[in-house]
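Down below is the structure, laid out as structure tokens.
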Amino acid sequence: MKFLLLCAVGIIATACTPDAPQAPPAHREPPPIVVTLPEQTRPVAGNSGRVVGVHDGDTITVLSAGNVQIKVRLVEIDAPEIKQPFGQQSKQALSAFIFGRDVEVRATGKDRYGRTLARVFVDGTDVNLAMVKAGMAWRFDKYSKDRAFQAAQDEARAARRGLWADAAPTAPWEWRDAKKGKR
């Protein structure tokens, strides 16, 4: 039984017959170990793909090389939730801007939901920043480090564009916290 098991896993290189002489195994270097990450876990920094889904105003799905779908969360911004005022308009604005188009994804990491965190560009335009300038997303105060987002938000607010047309818009993180309090 032991002999058959060794033959099955290929440890003995000689013919696997009970009558075959058993030659001592020659010393060979083990083959090199090649680790290939699955396509889904490869970094997407600098990669491009086609936008095949828009979940809301700050989350998209990109079809990258090899037909791999990557869920991307736009960094620096927080768009209204779908059920929040301006949530549908934010989703529609992002969709009109990039759905079906080729984009460049500049990844910065992953979030706790496994989404790729990234700046997204279409024809050289920073989509994340464009959403804030259009008044369709907030600068995500907790995570935003780029000062351009504050300037874009101030400009949109002064012009009363998008969600800033509302007399008292509620930031998405405040809206989510209020919803958690109701549960």
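Ligands are numbered from 1 in the order shown, residues from 1 within each chain, and chains are lettered A, B, ... in the order they appear in the structure tokens.
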### Task
Please provide the set of residues having any atom within 12 Å of A:Ile60, restricted to only C-alpha atoms, with same-chain residues fewer than 5 positions apart removed, written as a VMD selection string.
chain A and resid 49 to 55 69 to 75 91 to 92 94 to 95 97 to 101 103 105 115 to 120 127 to 128
With stretch 160-172 of chain A as the partner and 8 Å as the cut-off, tabulate the residues of stretch 114-140 of chain A that qualify, each row holding the nearest pair of atoms and their distance in Å to one decimal, using only C-alpha atoms, sorted by chain and rising number, as CSV.
```
residue,atom,partner,partner_atom,distance
A:Ala134,CA,A:Arg161,CA,6.2
A:Gly135,CA,A:Gly162,CA,4.3
A:Met136,CA,A:Gly162,CA,5.5
A:Ala137,CA,A:Leu163,CA,7.7
A:Trp138,CA,A:Ala171,CA,7.1
```
Save out the residues we just selected, N, CA and C atoms, as a PDB file, in the first residue's frame.
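What follows is the written file again27.pdb:
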```
ATOM      1  N   ALA A 134     -18.996  69.000  -8.824  1.00  0.00           N
ATOM      2  CA  ALA A 134     -20.367  69.023  -9.343  1.00  0.00           C
ATOM      3  C   ALA A 134     -21.406  69.076  -8.229  1.00  0.00           C
ATOM      4  N   GLY A 135     -20.948  68.980  -6.991  1.00  0.00           N
ATOM      5  CA  GLY A 135     -21.884  68.979  -5.866  1.00  0.00           C
ATOM      6  C   GLY A 135     -22.609  67.657  -5.735  1.00  0.00           C
ATOM      7  N   MET A 136     -22.028  66.594  -6.239  1.00  0.00           N
ATOM      8  CA  MET A 136     -22.650  65.278  -6.177  1.00  0.00           C
ATOM      9  C   MET A 136     -22.015  64.367  -5.124  1.00  0.00           C
ATOM     10  N   ALA A 137     -21.012  64.881  -4.420  1.00  0.00           N
ATOM     11  CA  ALA A 137     -20.372  64.142  -3.339  1.00  0.00           C
ATOM     12  C   ALA A 137     -19.732  65.137  -2.386  1.00  0.00           C
ATOM     13  N   TRP A 138     -19.533  64.693  -1.180  1.00  0.00           N
ATOM     14  CA  TRP A 138     -18.855  65.486  -0.170  1.00  0.00           C
ATOM     15  C   TRP A 138     -17.370  65.125  -0.162  1.00  0.00           C
TER      16      TRP A 138
END
```
### Query
Which one is closest to A:Gly57: A:Gly124, A:Trp175, A:Met131, A:Tyr143? Count only C-alpha atoms.
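Once distances to A:Gly57 are computed over only C-alpha atoms, the minimum belongs to A:Met131.
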### Which of A:Glu81, A:Asn47, A:Lys133, A:Asp58 sits closest to A:Arg106 [using only C-alpha atoms]
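Counting only C-alpha atoms, the residue closest to A:Arg106 is A:Asn47.
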### Message
Run DSSP on the backbone and tell me which residues of stretch 66-148 of chain A come out as strand (DSSP E or B); list them as number ranges by chain.
### Response
A: 68-74, 77-78, 102-110, 116-122, 125-126, 138-139
### Query
What is the atom CA of A:Asp102-atom CA of A:Asp123 distance in Å, reported with one decimal?
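Here the two named atoms are 8.3 Å from each other.
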## Note on the structure
Using only C-alpha atoms, the residue out of A:Asp56, A:Glu76, A:Glu174, A:Glu155 with shortest distance to A:Leu129 is A:Glu76
### Query
Can you tell me how far atom CA of A:Asp141 sits from atom CA of A:Asp111, in Å to one decimal?
16.5 Å
### Those in stretch 25-172 of chain A with helix (DSSP H, G or I) from DSSP, as a ChimeraX atom specification
/A:39-41,65-67,87-98,127-133,147-159,162-165,172
